[in-house]
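> My file is run-v9.tsv. It has TSV, C-alpha atoms and all ligand atoms:
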```tsv
chain	number	residue	atom	x	y	z
A	1	MET	CA	-15.37	16.51	-0.88
A	2	VAL	CA	-15.65	15.69	-4.61
A	3	GLU	CA	-17.93	12.63	-4.93
A	4	ALA	CA	-16.68	9.47	-6.57
A	5	HIS	CA	-18.82	9.70	-9.72
A	6	ARG	CA	-17.78	13.31	-10.22
A	7	LYS	CA	-14.11	12.35	-10.02
A	8	GLU	CA	-14.71	9.71	-12.66
A	9	SER	CA	-16.50	12.18	-14.97
A	10	ILE	CA	-13.64	14.64	-14.60
A	11	VAL	CA	-11.15	11.91	-15.53
A	12	ARG	CA	-13.28	10.81	-18.49
A	13	ALA	CA	-13.64	14.38	-19.80
A	14	ARG	CA	-9.93	15.10	-19.45
A	15	TYR	CA	-8.86	11.95	-21.32
A	16	ALA	CA	-11.58	12.42	-23.94
A	17	ALA	CA	-9.92	15.75	-24.72
A	18	GLY	CA	-6.46	14.14	-24.50
A	19	ALA	CA	-7.53	11.56	-27.10
A	20	LYS	CA	-8.45	14.29	-29.57
A	21	GLU	CA	-5.36	16.40	-29.08
A	22	ARG	CA	-2.05	15.81	-27.33
A	23	ALA	CA	-2.26	17.18	-23.77
A	24	GLU	CA	1.25	18.27	-22.89
A	25	LYS	CA	0.58	18.46	-19.13
A	26	LEU	CA	-0.36	14.77	-18.99
A	27	CYS	CA	2.85	13.58	-20.60
A	28	CYS	CA	5.54	12.04	-18.44
A	29	PRO	CA	8.64	11.33	-20.57
A	30	VAL	CA	9.18	7.59	-21.05
A	31	GLU	CA	11.68	5.80	-23.25
A	32	TYR	CA	10.08	2.87	-25.04
A	33	GLU	CA	12.07	0.37	-27.10
A	34	SER	CA	12.31	2.11	-30.46
A	35	GLU	CA	12.09	-1.09	-32.52
A	36	TYR	CA	8.53	-1.63	-31.29
A	37	LEU	CA	7.44	1.94	-32.05
A	38	LYS	CA	8.28	1.72	-35.76
A	39	LEU	CA	4.95	0.26	-36.83
A	40	ILE	CA	2.74	2.26	-34.46
A	41	PRO	CA	0.98	5.28	-36.04
A	42	ARG	CA	2.05	8.74	-34.87
A	43	GLU	CA	-1.37	9.67	-33.52
A	44	VAL	CA	-1.07	6.83	-30.99
A	45	ILE	CA	2.47	7.59	-29.95
A	46	GLU	CA	2.04	11.32	-29.53
A	47	ARG	CA	-1.02	10.84	-27.26
A	48	ASP	CA	1.06	8.86	-24.80
A	49	TYR	CA	0.06	9.44	-21.19
A	50	GLY	CA	2.03	6.64	-19.60
A	51	CYS	CA	4.68	6.94	-16.89
A	52	GLY	CA	6.65	3.72	-17.45
A	53	ASP	CA	6.96	0.71	-19.71
A	54	PRO	CA	5.38	-2.51	-18.39
A	55	SER	CA	5.79	-4.14	-21.82
A	56	ARG	CA	9.52	-4.67	-21.11
A	57	TYR	CA	8.60	-7.48	-18.75
A	58	LEU	CA	6.39	-9.47	-21.13
A	59	ARG	CA	7.24	-12.76	-22.84
A	60	GLU	CA	6.26	-14.54	-26.01
A	61	GLY	CA	2.92	-16.38	-25.98
A	62	GLU	CA	1.42	-14.58	-22.98
A	63	THR	CA	-2.18	-13.34	-22.71
A	64	VAL	CA	-1.97	-9.73	-21.56
A	65	LEU	CA	-4.59	-7.36	-20.18
A	66	ASP	CA	-3.78	-3.63	-20.28
A	67	LEU	CA	-5.81	-1.57	-17.80
A	68	GLY	CA	-6.58	1.94	-19.08
A	69	SER	CA	-5.11	1.28	-22.50
A	70	GLY	CA	-5.70	4.83	-23.79
A	71	THR	CA	-4.77	5.15	-27.48
A	72	GLY	CA	-3.33	1.62	-27.41
A	73	LYS	CA	0.42	2.13	-27.42
A	74	ILE	CA	1.28	-0.49	-24.77
A	75	CYS	CA	-1.14	-2.96	-26.40
A	76	PHE	CA	0.50	-2.47	-29.80
A	77	ILE	CA	3.98	-2.95	-28.29
A	78	ALA	CA	2.81	-5.98	-26.29
A	79	ALA	CA	1.26	-7.49	-29.42
A	80	GLN	CA	4.73	-7.60	-31.00
A	81	ILE	CA	6.40	-9.09	-27.92
A	82	VAL	CA	3.85	-11.84	-27.20
A	83	GLY	CA	3.60	-12.63	-30.93
A	84	PRO	CA	0.84	-14.45	-32.81
A	85	LYS	CA	0.58	-17.16	-30.12
A	86	GLY	CA	-0.13	-14.54	-27.47
A	87	LYS	CA	-3.08	-12.20	-27.04
A	88	VAL	CA	-3.56	-8.62	-25.83
A	89	ILE	CA	-6.74	-6.99	-24.52
A	90	GLY	CA	-6.90	-3.26	-23.79
A	91	ILE	CA	-9.60	-1.91	-21.47
A	92	ASP	CA	-10.61	1.73	-21.25
A	93	MET	CA	-13.74	3.57	-20.12
A	94	THR	CA	-13.32	6.61	-22.39
A	95	ASP	CA	-14.97	6.32	-25.81
A	96	GLU	CA	-12.64	8.82	-27.45
A	97	MET	CA	-9.58	6.82	-26.31
A	98	LEU	CA	-11.13	3.58	-27.57
A	99	ASP	CA	-11.91	5.30	-30.89
A	100	VAL	CA	-8.26	6.23	-31.47
A	101	ALA	CA	-7.05	2.74	-30.47
A	102	ARG	CA	-9.64	0.96	-32.61
A	103	ARG	CA	-9.09	3.27	-35.59
A	104	ASN	CA	-5.37	2.46	-35.57
A	105	ALA	CA	-5.74	-1.26	-34.84
A	106	PRO	CA	-6.16	-2.35	-38.50
A	107	VAL	CA	-3.11	-0.27	-39.50
A	108	VAL	CA	-0.96	-1.99	-36.86
A	109	ALA	CA	-2.41	-5.41	-37.73
A	110	GLU	CA	-1.56	-4.96	-41.41
A	111	ARG	CA	2.03	-3.88	-40.66
A	112	LEU	CA	2.39	-6.71	-38.15
A	113	GLY	CA	0.85	-9.37	-40.37
A	114	TYR	CA	-1.51	-10.65	-37.66
A	115	THR	CA	-4.16	-9.47	-35.19
A	116	ASN	CA	-3.72	-10.63	-31.64
A	117	PHE	CA	-5.21	-7.59	-29.89
A	118	GLU	CA	-8.57	-6.01	-29.20
A	119	PHE	CA	-9.99	-3.11	-27.21
A	120	ARG	CA	-12.95	-3.41	-24.85
A	121	LYS	CA	-14.92	-0.82	-22.93
A	122	GLY	CA	-15.02	-1.15	-19.17
A	123	ARG	CA	-14.03	0.32	-15.83
A	124	ILE	CA	-10.91	-1.26	-14.46
A	125	GLN	CA	-12.38	-1.53	-10.96
A	126	ASP	CA	-15.23	-3.63	-12.42
A	127	LEU	CA	-13.61	-5.86	-15.03
A	128	ALA	CA	-16.62	-8.17	-15.26
A	129	LEU	CA	-18.99	-5.51	-16.58
A	130	ASP	CA	-18.96	-4.99	-20.35
A	131	LEU	CA	-20.07	-1.37	-20.74
A	132	GLU	CA	-20.86	-1.70	-24.44
A	133	LEU	CA	-23.11	-4.65	-23.75
A	134	LEU	CA	-24.81	-2.68	-20.98
A	135	ASP	CA	-25.20	0.29	-23.36
A	136	ARG	CA	-26.93	-1.95	-25.90
A	137	GLN	CA	-29.25	-3.47	-23.32
A	138	LEU	CA	-30.19	-0.04	-21.99
A	139	LYS	CA	-30.94	1.14	-25.53
A	140	ASP	CA	-33.40	-1.73	-25.92
A	141	SER	CA	-34.98	-1.15	-22.49
A	142	PRO	CA	-34.25	2.45	-21.53
A	143	ILE	CA	-34.55	3.77	-17.99
A	144	THR	CA	-37.86	5.61	-17.91
A	145	ASN	CA	-38.95	5.38	-14.30
A	146	ALA	CA	-37.84	4.42	-10.80
A	147	ALA	CA	-38.59	0.74	-11.37
A	148	SER	CA	-36.44	0.51	-14.51
A	149	PHE	CA	-33.71	2.48	-12.74
A	150	LEU	CA	-33.70	0.02	-9.85
A	151	ALA	CA	-33.70	-2.94	-12.24
A	152	THR	CA	-30.40	-1.79	-13.79
A	153	ASP	CA	-28.36	-3.17	-10.89
A	154	GLY	CA	-29.85	-6.60	-11.52
A	155	LEU	CA	-29.18	-6.31	-15.25
A	156	ALA	CA	-25.55	-5.32	-14.66
A	157	GLU	CA	-25.10	-8.23	-12.26
A	158	GLU	CA	-26.55	-10.66	-14.79
A	159	LEU	CA	-24.16	-9.38	-17.47
A	160	ARG	CA	-21.20	-9.75	-15.11
A	161	VAL	CA	-22.08	-13.38	-14.49
A	162	LYS	CA	-23.29	-14.46	-17.93
A	163	HIS	CA	-21.05	-12.36	-20.21
A	164	PRO	CA	-18.06	-11.14	-18.18
A	165	LEU	CA	-15.90	-8.55	-19.93
A	166	ILE	CA	-12.86	-10.38	-18.54
A	167	ALA	CA	-13.35	-13.88	-17.16
A	168	SER	CA	-11.80	-15.03	-13.90
A	169	ASP	CA	-8.44	-16.84	-14.08
A	170	SER	CA	-7.97	-16.01	-17.77
A	171	ILE	CA	-4.96	-13.66	-17.96
A	172	ASP	CA	-1.19	-14.33	-17.78
A	173	VAL	CA	-0.09	-10.75	-17.16
A	174	VAL	CA	-2.10	-7.70	-16.14
A	175	VAL	CA	-0.24	-4.54	-17.10
A	176	SER	CA	-1.14	-0.91	-16.64
A	177	ASN	CA	0.59	2.35	-17.37
A	178	CYS	CA	-0.33	5.32	-15.19
A	179	VAL	CA	-4.00	4.54	-14.57
A	180	LEU	CA	-4.57	2.98	-11.12
A	181	ASN	CA	-4.08	6.37	-9.45
A	182	LEU	CA	-7.12	7.69	-11.36
A	183	VAL	CA	-9.54	5.29	-9.67
A	184	GLU	CA	-11.37	6.98	-6.82
A	185	PRO	CA	-10.38	5.92	-3.28
A	186	LYS	CA	-13.53	3.94	-2.41
A	187	SER	CA	-13.03	1.64	-5.43
A	188	LYS	CA	-9.27	1.12	-5.04
A	189	ARG	CA	-9.65	-2.04	-2.96
A	190	GLN	CA	-12.09	-3.51	-5.49
A	191	LEU	CA	-9.63	-2.59	-8.27
A	192	PHE	CA	-6.83	-4.70	-6.74
A	193	ASP	CA	-9.31	-7.54	-6.09
A	194	GLU	CA	-10.32	-7.43	-9.75
A	195	ILE	CA	-6.70	-7.62	-10.93
A	196	PHE	CA	-6.34	-10.67	-8.69
A	197	ARG	CA	-9.57	-12.26	-9.94
A	198	VAL	CA	-8.74	-12.15	-13.65
A	199	LEU	CA	-5.19	-13.51	-13.33
A	200	LYS	CA	-4.50	-17.21	-13.73
A	201	LYS	CA	-2.90	-18.93	-10.75
A	202	GLY	CA	0.86	-18.47	-10.75
A	203	ARG	CA	0.73	-15.45	-13.09
A	204	ARG	CA	1.54	-11.82	-12.43
A	205	ALA	CA	0.70	-8.15	-12.56
A	206	VAL	CA	3.27	-5.61	-13.82
A	207	ILE	CA	2.04	-2.14	-13.06
A	208	CYS	CA	3.63	1.26	-13.72
A	209	ASP	CA	2.07	4.08	-11.77
A	210	ILE	CA	2.68	7.33	-9.97
A	211	VAL	CA	3.19	7.10	-6.19
A	212	SER	CA	3.76	9.78	-3.57
A	213	ASP	CA	6.42	9.91	-0.87
A	214	GLU	CA	3.90	11.34	1.67
A	215	GLU	CA	0.12	11.02	2.19
A	216	VAL	CA	-1.75	13.36	-0.15
A	217	PRO	CA	-3.84	15.84	1.88
A	218	GLU	CA	-7.61	15.98	1.29
A	219	GLU	CA	-7.63	19.44	-0.30
A	220	MET	CA	-5.20	18.19	-2.94
A	221	GLN	CA	-7.37	15.12	-3.50
A	222	ASN	CA	-10.32	17.41	-4.14
A	223	ASP	CA	-8.49	19.39	-6.80
A	224	PRO	CA	-9.90	18.11	-10.13
A	225	GLU	CA	-6.87	19.24	-12.12
A	226	LEU	CA	-4.44	17.41	-9.81
A	227	TRP	CA	-6.71	14.38	-9.56
A	228	SER	CA	-7.17	13.88	-13.30
A	229	GLY	CA	-3.51	14.78	-13.88
A	230	CYS	CA	-2.36	11.52	-12.21
A	231	ILE	CA	-1.16	13.36	-9.10
A	232	SER	CA	-3.49	13.45	-6.16
A	233	GLY	CA	-5.01	9.98	-6.57
A	234	ALA	CA	-1.57	8.45	-6.13
A	235	LEU	CA	-1.07	5.96	-3.32
A	236	THR	CA	1.99	6.32	-1.14
A	237	GLU	CA	4.95	4.20	-2.24
A	238	ASP	CA	4.45	1.73	0.65
A	239	GLY	CA	0.63	1.91	0.39
A	240	PHE	CA	0.87	0.85	-3.24
A	241	LEU	CA	2.75	-2.34	-2.33
A	242	GLN	CA	0.41	-2.99	0.60
A	243	ALA	CA	-2.62	-2.80	-1.70
A	244	PHE	CA	-1.24	-5.79	-3.63
A	245	GLU	CA	-0.50	-7.60	-0.38
A	246	HIS	CA	-4.07	-7.06	0.93
A	247	ALA	CA	-5.51	-8.43	-2.31
A	248	GLY	CA	-3.62	-11.71	-1.73
A	249	PHE	CA	-0.61	-11.30	-4.02
A	250	TYR	CA	2.85	-12.62	-3.12
A	251	GLY	CA	6.41	-11.97	-4.28
A	252	ILE	CA	5.66	-8.26	-4.61
A	253	ARG	CA	8.66	-6.19	-5.61
A	254	ILE	CA	9.72	-2.88	-7.09
A	255	LEU	CA	11.13	-3.49	-10.57
A	256	LYS	CA	11.89	0.18	-11.22
A	257	ARG	CA	11.68	3.39	-9.22
A	258	ASP	CA	12.52	6.77	-10.73
A	259	THR	CA	14.93	8.60	-8.47
A	260	ARG	CA	13.82	11.94	-9.85
A	261	PRO	CA	10.19	12.83	-9.12
A	262	TRP	CA	7.95	13.48	-12.13
A	263	ARG	CA	6.37	16.39	-10.23
A	264	THR	CA	6.59	17.91	-6.75
A	265	VAL	CA	3.46	19.60	-5.39
A	266	GLN	CA	3.46	21.42	-2.05
A	267	GLY	CA	6.65	19.59	-1.13
A	268	ILE	CA	5.22	16.12	-1.90
A	269	GLU	CA	7.15	14.16	-4.50
A	270	PHE	CA	5.27	12.17	-7.16
A	271	ARG	CA	7.33	9.64	-9.08
A	272	SER	CA	6.88	6.63	-11.32
A	273	VAL	CA	7.40	3.10	-10.05
A	274	THR	CA	6.96	-0.30	-11.70
A	275	ILE	CA	5.72	-3.11	-9.46
A	276	GLU	CA	5.48	-6.84	-10.01
A	277	ALA	CA	3.15	-9.06	-7.97
A	278	PHE	CA	2.18	-12.74	-8.29
A	279	LYS	CA	-1.10	-14.59	-7.77
A	280	GLY	CA	-1.16	-18.15	-6.47
A	281	LYS	CA	-0.08	-18.62	-2.85
A	282	GLN	CA	-3.61	-19.69	-1.83
A	283	GLY	CA	-4.45	-23.37	-1.49
A	284	GLU	CA	-3.95	-26.41	0.70
A	285	CYS	CA	-0.66	-27.24	2.38
A	286	PHE	CA	0.75	-30.78	2.22
A	287	GLU	CA	3.71	-32.40	3.96
A	288	ARG	CA	6.19	-34.00	1.56
A	289	ASN	CA	9.26	-33.72	3.79
A	290	GLN	CA	10.79	-30.97	1.65
A	291	ALA	CA	13.17	-28.35	3.05
A	292	VAL	CA	14.52	-25.03	1.87
A	293	ILE	CA	17.59	-23.02	2.88
A	294	TYR	CA	17.55	-19.24	2.50
A	295	ARG	CA	20.88	-18.36	0.83
A	296	GLY	CA	21.18	-14.75	2.07
A	297	PRO	CA	22.48	-12.03	1.83
A	298	PHE	CA	20.10	-10.81	4.54
A	299	ARG	CA	20.27	-12.39	7.97
A	300	GLU	CA	16.58	-13.29	7.75
A	301	VAL	CA	13.55	-12.91	5.48
A	302	LEU	CA	9.76	-12.95	5.93
A	303	ASP	CA	7.52	-14.06	3.06
A	304	ASP	CA	3.89	-13.13	2.33
A	305	ASP	CA	2.66	-16.17	4.29
A	306	ASN	CA	4.65	-15.12	7.37
A	307	HIS	CA	7.37	-17.75	7.02
A	308	ARG	CA	10.37	-16.17	8.73
A	309	MET	CA	13.66	-17.78	7.76
A	310	GLU	CA	17.19	-17.22	8.92
A	311	ARG	CA	20.03	-17.40	6.43
A	312	GLY	CA	21.60	-20.84	6.04
A	313	LYS	CA	19.11	-22.86	8.13
A	314	ARG	CA	16.95	-25.71	6.84
A	315	TYR	CA	13.24	-25.02	7.09
A	316	ALA	CA	10.29	-27.34	6.70
A	317	VAL	CA	7.88	-26.04	4.07
A	318	CYS	CA	4.72	-27.44	2.54
A	319	ASP	CA	4.67	-28.66	-1.04
A	320	LYS	CA	2.93	-25.45	-2.19
A	321	THR	CA	5.55	-23.14	-0.69
A	322	TYR	CA	8.34	-25.39	-1.94
A	323	ASN	CA	7.05	-25.08	-5.50
A	324	LEU	CA	6.43	-21.33	-5.20
A	325	TYR	CA	10.02	-20.81	-4.10
A	326	LYS	CA	11.25	-22.78	-7.10
A	327	LYS	CA	9.81	-20.11	-9.40
A	328	ALA	CA	10.32	-16.37	-9.93
A	329	PRO	CA	10.75	-14.18	-7.98
A	330	TYR	CA	12.11	-16.44	-5.20
A	331	ARG	CA	14.12	-19.10	-7.04
A	332	GLU	CA	17.53	-17.43	-6.83
A	333	PHE	CA	17.31	-16.93	-3.06
A	334	PHE	CA	16.86	-20.56	-1.99
A	335	GLU	CA	18.52	-23.97	-1.95
A	336	PHE	CA	16.11	-26.89	-2.23
A	337	VAL	CA	16.37	-30.17	-0.34
A	338	ASP	CA	14.23	-32.99	-1.71
A	339	PRO	CA	13.53	-35.98	0.54
A	340	ILE	CA	15.40	-39.14	-0.43
A	341	VAL	CA	12.11	-41.03	-0.43
A	342	ASP	CA	9.42	-39.11	-2.25
A	343	ILE	CA	5.96	-38.83	-0.66
A	344	PRO	CA	3.41	-38.83	-3.50
A	345	LEU	CA	1.01	-35.89	-3.24
A	346	VAL	CA	-2.03	-38.18	-2.94
A	347	GLU	CA	-0.49	-39.79	0.15
A	348	ALA	CA	0.72	-36.56	1.77
A	349	ARG	CA	-0.64	-35.44	5.15
A	350	SER	CA	-1.74	-31.84	5.63
A	351	PHE	CA	0.95	-29.40	6.76
A	352	ASP	CA	0.51	-26.58	9.28
A	353	CYS	CA	1.73	-23.50	7.42
A	354	SER	CA	0.87	-21.11	10.26
A	355	ARG	CA	4.26	-21.70	11.89
A	356	THR	CA	7.76	-21.98	10.54
A	357	SER	CA	9.88	-24.81	11.87
A	358	LEU	CA	13.31	-26.11	11.16
A	359	ARG	CA	13.66	-29.41	9.31
A	360	HIS	CA	16.16	-31.88	10.75
A	361	PRO	CA	18.26	-33.47	7.96
A	362	LYS	CA	17.03	-36.89	9.15
A	363	GLU	CA	13.54	-35.92	8.02
A	364	THR	CA	14.64	-35.47	4.42
A	365	LYS	CA	17.08	-38.41	4.46
A	366	GLY	CA	14.89	-40.76	6.49
A	367	GLN	CA	15.31	-41.76	10.18
A	368	ASP	CA	17.15	-44.99	9.28
A	369	TYR	CA	19.55	-43.45	6.81
A	370	SER	CA	23.07	-44.64	7.63
A	371	ALA	CA	24.91	-44.63	4.30
A	372	THR	CA	28.69	-44.25	4.07
A	373	THR	CA	29.96	-43.34	0.61
A	374	GLU	CA	33.24	-42.85	-1.23
A	375	ALA	CA	34.27	-39.30	-2.16
A	376	ASN	CA	32.06	-37.92	-4.89
A	377	GLY	CA	34.35	-37.40	-7.91
A	378	LYS	CA	32.32	-34.39	-9.02
A	379	CYS	CA	33.49	-32.36	-6.04
A	380	CYS	CA	37.03	-32.18	-7.38
A	381	ASP	CA	36.84	-30.81	-10.88
A	382	ALA	CA	39.32	-32.18	-13.42
A	383	GLY	CA	40.96	-34.38	-10.78
A	384	ALA	CA	42.56	-31.40	-9.02
A	385	CYS	CA	42.40	-33.04	-5.58
B	401	LIG	C1	-2.98	8.56	-17.92
B	401	LIG	S1	-3.89	7.80	-19.22
B	401	LIG	C2	-2.84	6.42	-19.62
B	401	LIG	C3	-3.15	5.85	-20.96
B	401	LIG	C4	-2.25	4.72	-21.42
B	401	LIG	N1	-2.10	3.69	-20.42
B	401	LIG	C5	-0.89	5.24	-21.86
B	401	LIG	O1	0.12	4.63	-21.46
B	401	LIG	O2	-0.83	6.18	-22.62
B	401	LIG	C6	-5.23	7.08	-18.34
B	401	LIG	C7	-6.20	6.25	-19.18
B	401	LIG	O3	-6.99	5.46	-18.32
B	401	LIG	C8	-8.35	5.59	-18.63
B	401	LIG	N2	-9.06	5.42	-17.34
B	401	LIG	C9	-8.99	6.18	-16.24
B	401	LIG	N3	-9.72	5.68	-15.25
B	401	LIG	C10	-10.27	4.53	-15.73
B	401	LIG	C11	-11.13	3.54	-15.18
B	401	LIG	N4	-11.57	3.63	-13.93
B	401	LIG	N5	-11.48	2.51	-15.94
B	401	LIG	C12	-11.05	2.40	-17.23
B	401	LIG	N6	-10.25	3.31	-17.81
B	401	LIG	C13	-9.85	4.36	-17.06
B	401	LIG	C14	-8.49	6.95	-19.25
B	401	LIG	O4	-9.59	6.99	-20.10
B	401	LIG	C15	-7.17	7.06	-20.02
B	401	LIG	O5	-7.27	6.51	-21.29
```
Can the structure from this file be put into structure tokens for me?
Ligand SMILES: C[S@@+](CC[C@H](N)C(=O)[O-])C[C@H]1O[C@@H](n2cnc3c(N)ncnc32)[C@H](O)[C@@H]1O

Amino acid sequence: MVEAHRKESIVRARYAAGAKERAEKLCCPVEYESEYLKLIPREVIERDYGCGDPSRYLREGETVLDLGSGTGKICFIAAQIVGPKGKVIGIDMTDEMLDVARRNAPVVAERLGYTNFEFRKGRIQDLALDLELLDRQLKDSPITNAASFLATDGLAEELRVKHPLIASDSIDVVVSNCVLNLVEPKSKRQLFDEIFRVLKKGRRAVICDIVSDEEVPEEMQNDPELWSGCISGALTEDGFLQAFEHAGFYGIRILKRDTRPWRTVQGIEFRSVTIEAFKGKQGECFERNQAVIYRGPFREVLDDDNHRMERGKRYAVCDKTYNLYKKAPYREFFEFVDPIVDIPLVEARSFDCSRTSLRHPKETKGQDYSATTEANGKCCDAGAC
């Protein structure tokens, strides 16, 4: 069994070399939008070790965090898409990668006419710990004995709290391109928790990574070449989605899945997928007499809070779920029924979200509702009836 820290050193050494010289074996062909590549220096583009393009899903003005930013290509593309009102932060643990990204940053900034990006040193499974700050502190008080060694944990914890590398609830979109698989198994859970922590409520992660179609056997996981080559640390395609689910995300979906595997090893296929997942289903549930109708096409659906809904039926939902469904990625799948008499949020009772129940139309209209109306002219366009 290769220990966790050894796996990390192997990864660091391999990408340190890949920062200095293009490593052909690490390159998975990806087509980026050519208009965004024009102002990115060649050195950055040719040391591209991504497997997808999360930048396609970004929007103007967003604050973006790129996990394992490498030589900075996705950050430099994102900087153009989010524009001067947005912001991009790249995180990497390998000095040589950060050197290339930082060396090219002023060139990109000059061509772009603004600087809305920066590169920070950290491990993506521990986004609170600023490794450069820790380096500086350790230079001032080096580890010389057991006592100073044991004190380092406390120092790291203090830095996480007082000077977090990435603050909680501060990011609109976490992106990553072919990096999550490189994090050793014991830290994978913490990695997904960290992605969740740094995102603002209601915002999302868009992650491109390599997944496998079968479990990767232990002997393959212990192969340093396969591990650092983005192969044997891959989660299975369903395990990848489940990891987001366990961290508390909702609305998780596959945006892109390569039909052709990037590589096949011992009969196991490894391919690139792009996943989107949202943060923000947590919180209190209030009754405001709202209802939703699942439009289909499936006979029934089950959401990440275990609401099971049959096509075409009116369901009672809490205010939180109602508002979640009104946004991406759910919006297009539902019809929304507002109550005739609004219940202000401050007056709303709590709602039991642990069960799904149907909502009788009288609940949204009011028990005493007995209106009779003339035909609504809007129903017959251009007076055709
Ligand atoms: C396969 S390369 C991808 C680089 C970049 N995303 C791209 O599209 O070219 C993996 C990158 O992630 C970095 N990396 C790997 N594990 C990391 C970790 N646990 N924390 C931070 N960076 C990591 C490596 O240093 C390397 O730059």
> Can you build me a table of chain A residues sitting at most 7 Å from ligand LIG 401 (chain B), with the closest atom pair per residue and its distance in Å to one decimal, using all atoms listed in the file, sorted by chain and residue number, as a Markdown table?

```
| residue | atom | partner | partner_atom | distance |
| --- | --- | --- | --- | --- |
| A:Glu8 | CA | B:LIG401 | N3 | 6.9 |
| A:Val11 | CA | B:LIG401 | C9 | 6.2 |
| A:Arg12 | CA | B:LIG401 | O4 | 5.5 |
| A:Tyr15 | CA | B:LIG401 | O4 | 5.2 |
| A:Ala16 | CA | B:LIG401 | O4 | 6.9 |
| A:Leu26 | CA | B:LIG401 | C1 | 6.8 |
| A:Arg47 | CA | B:LIG401 | O2 | 6.6 |
| A:Asp48 | CA | B:LIG401 | O2 | 3.9 |
| A:Tyr49 | CA | B:LIG401 | O2 | 3.7 |
| A:Gly50 | CA | B:LIG401 | O1 | 3.3 |
| A:Cys51 | CA | B:LIG401 | O1 | 6.9 |
| A:Leu67 | CA | B:LIG401 | N6 | 6.6 |
| A:Gly68 | CA | B:LIG401 | O3 | 3.6 |
| A:Ser69 | CA | B:LIG401 | N1 | 4.4 |
| A:Gly70 | CA | B:LIG401 | O5 | 3.4 |
| A:Thr71 | CA | B:LIG401 | O2 | 6.3 |
| A:Gly72 | CA | B:LIG401 | C4 | 6.8 |
| A:Lys73 | CA | B:LIG401 | O2 | 6.4 |
| A:Ile74 | CA | B:LIG401 | O1 | 6.2 |
| A:Ile91 | CA | B:LIG401 | C12 | 6.2 |
| A:Asp92 | CA | B:LIG401 | N6 | 3.8 |
| A:Met93 | CA | B:LIG401 | C12 | 4.1 |
| A:Thr94 | CA | B:LIG401 | O4 | 4.4 |
| A:Met97 | CA | B:LIG401 | O5 | 5.5 |
| A:Gly122 | CA | B:LIG401 | C12 | 5.7 |
| A:Arg123 | CA | B:LIG401 | N5 | 3.4 |
| A:Ile124 | CA | B:LIG401 | N5 | 4.1 |
| A:Gln125 | CA | B:LIG401 | N4 | 6.0 |
| A:Ser176 | CA | B:LIG401 | N1 | 6.0 |
| A:Asn177 | CA | B:LIG401 | N1 | 4.3 |
| A:Cys178 | CA | B:LIG401 | C1 | 5.0 |
| A:Val179 | CA | B:LIG401 | C6 | 4.7 |
| A:Leu182 | CA | B:LIG401 | N3 | 5.1 |
| A:Val183 | CA | B:LIG401 | N4 | 5.0 |
| A:Cys230 | CA | B:LIG401 | C1 | 6.5 |
```
> Around (-0.8, 1.7, -32.4), as given in the file, which residues come within 9 Å? Count only C-alpha atoms and list them as a list in words.
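Selection result: Leu37, Leu39, Ile40, Pro41, Arg42, Glu43, Val44, Ile45, Thr71, Gly72, Lys73, Ile74, Cys75, Phe76, Ile77, Val100, Ala101, Arg102, Asn104, Ala105, Val107 and Val108 of chain A.
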> Of the residues A:Leu241, A:Ile195, A:Leu345, A:Val317, which is the one nearest to Lys279 of chain A, using all atoms listed in the file?
A:Ile195
> For segment 254-266 of chain A, list every protein, DNA or RNA residue within 8 Å, evaluated using only C-alpha atoms, and leave out those in the same chain fewer than 5 positions away; present the list as a list of chain:residue names.
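So the residues in contact are A:Cys28, A:Arg271, A:Ser272, A:Val273, A:Thr274, A:Ile275, A:Glu276.
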> How close does segment 55-136 of chain A get to segment 150-160 of chain A? List, as CSV, each residue of segment 55-136 of chain A within 10 Å, its nearest atom pair and the distance in Å to one decimal, counting all atoms listed in the file.

```
residue,atom,partner,partner_atom,distance
A:Asp126,CA,A:Arg160,CA,9.0
A:Leu127,CA,A:Arg160,CA,8.5
A:Ala128,CA,A:Arg160,CA,4.8
A:Leu129,CA,A:Arg160,CA,5.0
A:Asp130,CA,A:Leu159,CA,7.4
A:Leu131,CA,A:Ala156,CA,9.1
A:Leu133,CA,A:Leu159,CA,7.9
A:Leu134,CA,A:Ala156,CA,6.9
```
> How far is it from atom CA of Leu226 of chain A to atom CA of Lys20 of chain A, in Å with one decimal?
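Computing the Euclidean distance for atom CA of Leu226 of chain A and atom CA of Lys20 of chain A yields 20.4 Å.
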> Using only C-alpha atoms, give me every residue within 10 Å of (-5.6, 13.5, -6.1) in file coordinates, as a ChimeraX atom specification.
/A:7,181-185,216-235
> Counting all atoms listed in the file, which of A:Leu58, A:Val175, A:Ala291, A:Leu199 gets nearest to Gly248 of chain A?
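Among the listed residues, the smallest separation from Gly248 of chain A belongs to A:Leu199.
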> Figure out the distance between atom CA of Leu65 of chain A and atom CA of Glu96 of chain A, please, to one decimal in Å.
19.5 Å
> Which one of A:Ser212, A:Ser168, A:Asn306, A:Asn289 sits closest to Glu245 of chain A if you count all atoms listed in the file?
A:Asn306
> What is the atom CA of Leu165 of chain A-atom CA of Glu132 of chain A distance in Å, reported with one decimal?
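Taking atom CA of Leu165 of chain A as the start and atom CA of Glu132 of chain A as the end point, the length is 9.6 Å.
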> Do a neighbour search on Leu302 of chain A at 12 Å with only C-alpha atoms, toss out local chain neighbours closer than 5 positions, and write the hits as a count of residues only.
11
